[in-house]
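Working notes, structure below.
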Amino acid sequence: MLTGPVLLIDPPADTDLTELPGPVAIFHDHQPDHDMLARRHPMRDAIAGPAGGVVLSLPRSRAAQRDRIAQAAALGVPVLVDGQKTDGIDTALRAARAVGRVGAVISKAHGKLFVIEGGDFSGWKAAPGRVDGFAVPTGGFSTDGIDPGSAALIAALPPLKGHAIDLGAGWGALSRAVLSHAAVTRLDLVESHRPSLDCARANLADPRAAFHWADATAWRPAARADHVVANPPFHRGRAGDPGLGRAFLDTAAASLTPRGTLWLVANRHLPYERHLSGLFAEIEELSGSPAYKLFRAARPRRPR
Ligand SMILES: C[S@@+](CC[C@H](N)C(=O)[O-])C[C@H]1O[C@@H](n2cnc3c(N)ncnc32)[C@H](O)[C@@H]1O
């Protein structure tokens, strides 16, 4: 018998929750999924009680898996861990058995479910990450240091001025470089992964910076900007999705003034050129590297 609602942590946005016994509450770190679920279910903004049980969708990175399990187990209620083989559910199960009490294990097509019934998982809580003096999120992007593609874009940026936007800002590596330009008056950081944005906030104590936990494909600025910088994502979960990067370019074009400029870095294999030429009248490829291409795109075309 459950003593409170089932707390779901990071469930896929299309999860069918009708089969769950009793009320549910949901915590989600990815803003687009959070918003989609919030239309139908009560949301929590922390992994906290009251809860009668937890259903935890296992994240991909090992550090994030352990951290999540530690947070869920700290609630002192049964934790059902749901994971894919490709994300290491078998390793997580073995490790959980070595630390705590694991009950039922259910195999499914591409993964497993197992129930943690008790145990002290506090040693699995991730310490706050730091790299080169910056806060970095557990399980976020480029937590070992500045991404080489972003570093290449930073090196190619001319002096910027006015209002800038960083789409998919992560923990703020590109944003920090933008704010180093004294003539930048405002920077909007748009990021969907809550822990990454929290780190960016901690890393950039600058009154010119505004932080938006938002889906960059749907977000629009209050006023059009002079510059957009972006190192767009090209994966959703494990699946490659160049459409996500293209949607970032749509937002960039829609967010710039007629004289505004997009500064873009992309892995060399990503096919953005055609899409860029539909969106911008002027495109210049800057000198990149064997792994990365850099673009300056100006004069956004407006839909008629
Ligand atoms: C390639 S990383 C670049 C991060 C950062 N700009 C840097 O240079 O280190 C792309 C970032 O986009 C974020 N992201 C993914 N999907 C997003 C979305 N729909 N809206 C906003 N940000 C998103 C990811 O969480 C990640 O931080």
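Note on naming: chains are A, B, ... as they come in the structure tokens, residues start from 1 per chain, ligands start from 1 in the order shown.
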- All residues 9 Å or closer to stretch 168-177 of chain A, only C-alpha atoms, same chain fewer than 6 positions away omitted, as a ChimeraX atom specification: /A:134-137,140-143,145-147,150-151,153-154,157,187-193,195-204,209,215-216,229-233,248
- Task: Check stretch 122-286 of chain A with DSSP on the backbone and list each residue it calls helix (DSSP H, G or I), as a PyMOL selection string.
- Result: chain A and resi 122-124+148-156+173-179+194-203+242-255+273-279
- Identify which of the residues A:Ser107, A:Thr86, A:Thr251, A:Ser122 lies closest to ligand 1, counting only C-alpha atoms and all ligand atoms when measuring atom-to-atom distances.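 Checking each of A:Ser107, A:Thr86, A:Thr251, A:Ser122 against ligand 1, counting only C-alpha atoms and all ligand atoms, the winner is A:Thr251.
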- Task: Would you kindly return, as a list in words, each protein, DNA or RNA residue with an atom no farther than 10 Å from any atom of A:Asp35, considering only C-alpha atoms and excluding same-chain residues fewer than 6 positions away?
- Result: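 My reading of the contact set: Ala13, His28, His41, Met43, Ala214 and Asp215 of chain A.
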Take the residues from that selection and write them out as a short mmCIF file (atom, residue, chain, number, x, y, z; two decimals), in the first residue's frame, keeping N, CA and C atoms.
```cif
data_model
loop_
_atom_site.label_atom_id
_atom_site.label_comp_id
_atom_site.auth_asym_id
_atom_site.auth_seq_id
_atom_site.Cartn_x
_atom_site.Cartn_y
_atom_site.Cartn_z
N ALA A 13 8.51 11.86 -22.06
CA ALA A 13 7.33 12.73 -22.07
C ALA A 13 6.07 11.99 -22.52
N HIS A 28 11.17 16.70 -13.61
CA HIS A 28 11.88 16.56 -14.89
C HIS A 28 12.87 17.68 -15.06
N HIS A 41 -0.09 16.71 -15.55
CA HIS A 41 0.25 16.16 -14.23
C HIS A 41 0.87 17.21 -13.34
N MET A 43 3.68 18.80 -11.19
CA MET A 43 5.13 18.70 -11.29
C MET A 43 5.77 19.13 -9.97
N ALA A 214 14.52 26.93 -20.91
CA ALA A 214 13.55 26.94 -22.01
C ALA A 214 14.02 26.06 -23.15
N ASP A 215 13.06 25.72 -24.00
CA ASP A 215 13.34 24.95 -25.22
C ASP A 215 13.75 25.95 -26.31
#
```
- Using only C-alpha atoms and all ligand atoms: which of A:Val265, A:Leu270, A:Leu286, A:Leu279 has the shortest distance to ligand 1: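 Answer, going by the shortest atom-to-atom distance: A:Val265.
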- Query: Taking into account only C-alpha atoms and all ligand atoms, which residue in the set A:Gly149, A:Gly88, A:Gly260, A:Gly288 is nearest to ligand 1?
  - Reply: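 Comparing A:Gly149, A:Gly88, A:Gly260, A:Gly288 against ligand 1, the winner is A:Gly149.
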- Distance atom CA of A:Arg40-atom CA of A:Leu17, one decimal place?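 Those two atoms sit 10.0 Å apart.
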- Query: Near A:Arg60, counting only C-alpha atoms, which residues have an atom at most 10 Å away, once you skip same-chain residues fewer than 4 positions from it, shown as a list in words?
  - Reply: Ala64, Gln65, Gly83, Gln84, Thr86, Asp87, Gly88, Ile89, Gly139, Gly237 and Arg238 of chain A
- Message: Give me, as a VMD selection string, all polymer residues having an atom no more than 12 Å from A:Gly162, counting only C-alpha atoms and skipping those fewer than 4 positions away in the same chain.
- Response: chain A and resid 178 to 179 181 to 188 208 223 to 228 256 to 257 259 to 261
Next, the residues of the selection above should be written as a compact mmCIF listing (two decimals), in the first residue's frame with N, CA and C atoms.
```txt
# COMPACT_ATOMS: atom_id res chain seq x y z
N VAL A 178 31.43 35.49 -24.72
CA VAL A 178 30.64 36.62 -25.23
C VAL A 178 30.67 37.78 -24.23
N LEU A 179 30.54 37.44 -22.95
CA LEU A 179 30.51 38.50 -21.93
C LEU A 179 31.89 39.14 -21.72
N HIS A 181 33.41 40.47 -24.01
CA HIS A 181 33.39 41.63 -24.92
C HIS A 181 32.66 42.77 -24.19
N ALA A 182 33.42 43.82 -23.89
CA ALA A 182 32.88 44.89 -23.03
C ALA A 182 31.68 45.58 -23.67
N ALA A 183 31.58 45.58 -25.00
CA ALA A 183 30.49 46.31 -25.66
C ALA A 183 29.20 45.48 -25.74
N VAL A 184 29.22 44.25 -25.23
CA VAL A 184 27.97 43.47 -25.16
C VAL A 184 27.15 44.03 -24.00
N THR A 185 25.89 44.37 -24.30
CA THR A 185 25.05 45.03 -23.28
C THR A 185 24.11 44.05 -22.59
N ARG A 186 23.78 42.95 -23.27
CA ARG A 186 22.86 41.96 -22.70
C ARG A 186 23.14 40.61 -23.34
N LEU A 187 23.04 39.56 -22.55
CA LEU A 187 23.18 38.20 -23.10
C LEU A 187 22.06 37.33 -22.55
N ASP A 188 21.26 36.76 -23.44
CA ASP A 188 20.24 35.79 -23.05
C ASP A 188 20.82 34.39 -23.19
N ARG A 208 24.62 41.64 -16.98
CA ARG A 208 24.15 41.65 -18.38
C ARG A 208 23.52 40.32 -18.78
N ALA A 223 13.12 41.13 -27.42
CA ALA A 223 13.52 42.05 -28.50
C ALA A 223 14.57 41.35 -29.34
N ARG A 224 14.57 41.66 -30.65
CA ARG A 224 15.52 40.96 -31.53
C ARG A 224 16.96 41.37 -31.19
N ALA A 225 17.88 40.46 -31.45
CA ALA A 225 19.26 40.62 -30.98
C ALA A 225 20.21 40.93 -32.13
N ASP A 226 21.41 41.41 -31.74
CA ASP A 226 22.45 41.71 -32.73
C ASP A 226 23.26 40.47 -33.08
N HIS A 227 23.37 39.54 -32.13
CA HIS A 227 24.18 38.33 -32.35
C HIS A 227 23.52 37.12 -31.71
N VAL A 228 23.65 35.99 -32.39
CA VAL A 228 23.35 34.70 -31.75
C VAL A 228 24.61 33.86 -31.86
N LEU A 256 17.05 37.44 -34.67
CA LEU A 256 18.04 38.47 -35.01
C LEU A 256 17.39 39.67 -35.70
N THR A 257 17.99 40.84 -35.49
CA THR A 257 17.57 42.03 -36.25
C THR A 257 17.97 41.82 -37.71
N ARG A 259 20.07 43.26 -39.39
CA ARG A 259 21.52 43.35 -39.55
C ARG A 259 22.25 42.38 -38.60
N GLY A 260 21.50 41.51 -37.96
CA GLY A 260 22.09 40.63 -36.93
C GLY A 260 22.88 39.48 -37.55
N THR A 261 23.71 38.85 -36.71
CA THR A 261 24.63 37.81 -37.20
C THR A 261 24.57 36.58 -36.30
```
- Item | atom CA of A:Ala291 to atom 14 (N, counted along the ligand's line) of ligand 1, straight-line distance in Å |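 For atom 14 (N, counted along the ligand's line) of ligand 1 relative to atom CA of A:Ala291, the distance reads 20.4 Å.
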- Message: Let me make sure I understand: among A:Thr217, A:Ser289, A:Ser57, A:Thr18, which one has the smallest atom-to-atom distance to ligand 1 if we use only C-alpha atoms and all ligand atoms?
- Response: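 For ligand 1, the nearest of the given residues is A:Thr217.
The protein and nucleic acid residues lying at most 12 Å from A:Pro242 are Pro232, Pro233, Phe234, His235, Arg236, Phe248, Leu249, Ala266, Asn267, His269, Leu270, Pro271, Tyr272, Glu273 and His275 of chain A, with only C-alpha atoms considered and sequence neighbours fewer than 6 positions away removed.
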Give me a file of those residues, with N, CA and C atoms, as a PDB file, in the first residue's frame.
```pdb
ATOM      1  N   PRO A 232      24.909  23.956 -31.482  1.00  0.00           N
ATOM      2  CA  PRO A 232      23.628  23.270 -31.223  1.00  0.00           C
ATOM      3  C   PRO A 232      23.791  21.780 -30.947  1.00  0.00           C
ATOM      4  N   PRO A 233      22.856  21.226 -30.185  1.00  0.00           N
ATOM      5  CA  PRO A 233      22.873  19.772 -29.959  1.00  0.00           C
ATOM      6  C   PRO A 233      22.428  19.068 -31.242  1.00  0.00           C
ATOM      7  N   PHE A 234      22.870  17.825 -31.406  1.00  0.00           N
ATOM      8  CA  PHE A 234      22.381  17.066 -32.568  1.00  0.00           C
ATOM      9  C   PHE A 234      21.972  15.656 -32.159  1.00  0.00           C
ATOM     10  N   HIS A 235      21.663  15.496 -30.877  1.00  0.00           N
ATOM     11  CA  HIS A 235      21.155  14.217 -30.367  1.00  0.00           C
ATOM     12  C   HIS A 235      19.945  14.487 -29.487  1.00  0.00           C
ATOM     13  N   ARG A 236      18.951  13.598 -29.537  1.00  0.00           N
ATOM     14  CA  ARG A 236      17.935  13.537 -28.476  1.00  0.00           C
ATOM     15  C   ARG A 236      18.150  12.189 -27.833  1.00  0.00           C
ATOM     16  N   PHE A 248      17.211  24.932 -34.024  1.00  0.00           N
ATOM     17  CA  PHE A 248      17.984  25.995 -33.369  1.00  0.00           C
ATOM     18  C   PHE A 248      18.278  27.118 -34.374  1.00  0.00           C
ATOM     19  N   LEU A 249      18.615  26.724 -35.624  1.00  0.00           N
ATOM     20  CA  LEU A 249      18.921  27.747 -36.638  1.00  0.00           C
ATOM     21  C   LEU A 249      17.675  28.569 -36.950  1.00  0.00           C
ATOM     22  N   ALA A 266      29.587  23.648 -35.810  1.00  0.00           N
ATOM     23  CA  ALA A 266      28.909  22.355 -35.980  1.00  0.00           C
ATOM     24  C   ALA A 266      29.947  21.294 -36.289  1.00  0.00           C
ATOM     25  N   ASN A 267      29.677  20.074 -35.859  1.00  0.00           N
ATOM     26  CA  ASN A 267      30.543  18.959 -36.254  1.00  0.00           C
ATOM     27  C   ASN A 267      30.519  18.863 -37.781  1.00  0.00           C
ATOM     28  N   HIS A 269      30.336  16.688 -39.985  1.00  0.00           N
ATOM     29  CA  HIS A 269      29.428  15.792 -40.730  1.00  0.00           C
ATOM     30  C   HIS A 269      27.988  16.333 -40.769  1.00  0.00           C
ATOM     31  N   LEU A 270      27.686  17.390 -40.026  1.00  0.00           N
ATOM     32  CA  LEU A 270      26.279  17.818 -39.936  1.00  0.00           C
ATOM     33  C   LEU A 270      25.879  18.678 -41.135  1.00  0.00           C
ATOM     34  N   PRO A 271      24.763  18.320 -41.775  1.00  0.00           N
ATOM     35  CA  PRO A 271      24.389  18.985 -43.032  1.00  0.00           C
ATOM     36  C   PRO A 271      23.526  20.218 -42.783  1.00  0.00           C
ATOM     37  N   TYR A 272      24.127  21.338 -42.368  1.00  0.00           N
ATOM     38  CA  TYR A 272      23.346  22.532 -42.059  1.00  0.00           C
ATOM     39  C   TYR A 272      23.317  23.556 -43.204  1.00  0.00           C
ATOM     40  N   GLU A 273      24.209  23.379 -44.224  1.00  0.00           N
ATOM     41  CA  GLU A 273      24.396  24.451 -45.210  1.00  0.00           C
ATOM     42  C   GLU A 273      23.110  24.824 -45.926  1.00  0.00           C
ATOM     43  N   HIS A 275      20.016  24.399 -45.108  1.00  0.00           N
ATOM     44  CA  HIS A 275      19.044  25.022 -44.201  1.00  0.00           C
ATOM     45  C   HIS A 275      19.459  26.464 -43.906  1.00  0.00           C
TER      46      HIS A 275
END
```
- DSSP says strand (DSSP E) for which residues of stretch 10-161 of chain A? Put them as a ChimeraX atom specification? /A:24-27,43-44,53-57,79-84,100-108,111-119,129-131,134-136
- Task: Have a look at atom CA of A:Val99 and atom CA of A:Pro50 and let me know their distance in Å, one decimal.
- Result: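 Between these atoms lies a distance of 24.2 Å.
Each of A:Ser255, A:Ala156, A:Ile69, A:Ala164 was compared to A:Glu117 using only C-alpha atoms, and A:Ile69 turns out to be the nearest.
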- Task: Quick one: everything within 12 Å of stretch 20-23 of chain A, counting only C-alpha atoms, minus sequence neighbours fewer than 4 positions away in the same chain. Send it as a list of chain:residue names.
- Result: A:Met1, A:Leu2, A:Thr3, A:Gly4, A:Pro5, A:Val6, A:Leu7, A:Leu8, A:Thr15, A:Asp16, A:Arg40, A:His41, A:Pro42, A:Met43, A:Pro50, A:Ala51, A:Gly52, A:Gly53, A:Val54, A:Val55
Keeping only C-alpha atoms, write the selected residues as a JSON list (two decimals), in the first residue's frame.
```json
[["chain", "number", "residue", "atom", "x", "y", "z"],
["A", 1, "MET", "CA", 0.00, 0.00, 0.00],
["A", 2, "LEU", "CA", 1.54, 3.35, -1.06],
["A", 3, "THR", "CA", 1.68, 6.08, 1.57],
["A", 4, "GLY", "CA", 1.84, 8.97, -0.90],
["A", 5, "PRO", "CA", 2.00, 9.76, -4.61],
["A", 6, "VAL", "CA", 4.41, 7.95, -6.91],
["A", 7, "LEU", "CA", 7.21, 10.35, -7.78],
["A", 8, "LEU", "CA", 8.42, 9.90, -11.36],
["A", 15, "THR", "CA", 4.89, 7.79, -20.77],
["A", 16, "ASP", "CA", 1.41, 6.34, -20.22],
["A", 40, "ARG", "CA", -1.52, 16.76, -17.56],
["A", 41, "HIS", "CA", 0.25, 16.16, -14.23],
["A", 42, "PRO", "CA", 1.41, 17.97, -11.10],
["A", 43, "MET", "CA", 5.13, 18.70, -11.29],
["A", 50, "PRO", "CA", 6.19, 13.28, 0.24],
["A", 51, "ALA", "CA", 6.20, 10.15, -1.89],
["A", 52, "GLY", "CA", 5.02, 6.58, -1.49],
["A", 53, "GLY", "CA", 7.46, 5.31, -4.09],
["A", 54, "VAL", "CA", 9.71, 6.48, -6.89],
["A", 55, "VAL", "CA", 10.00, 5.47, -10.53]]
```
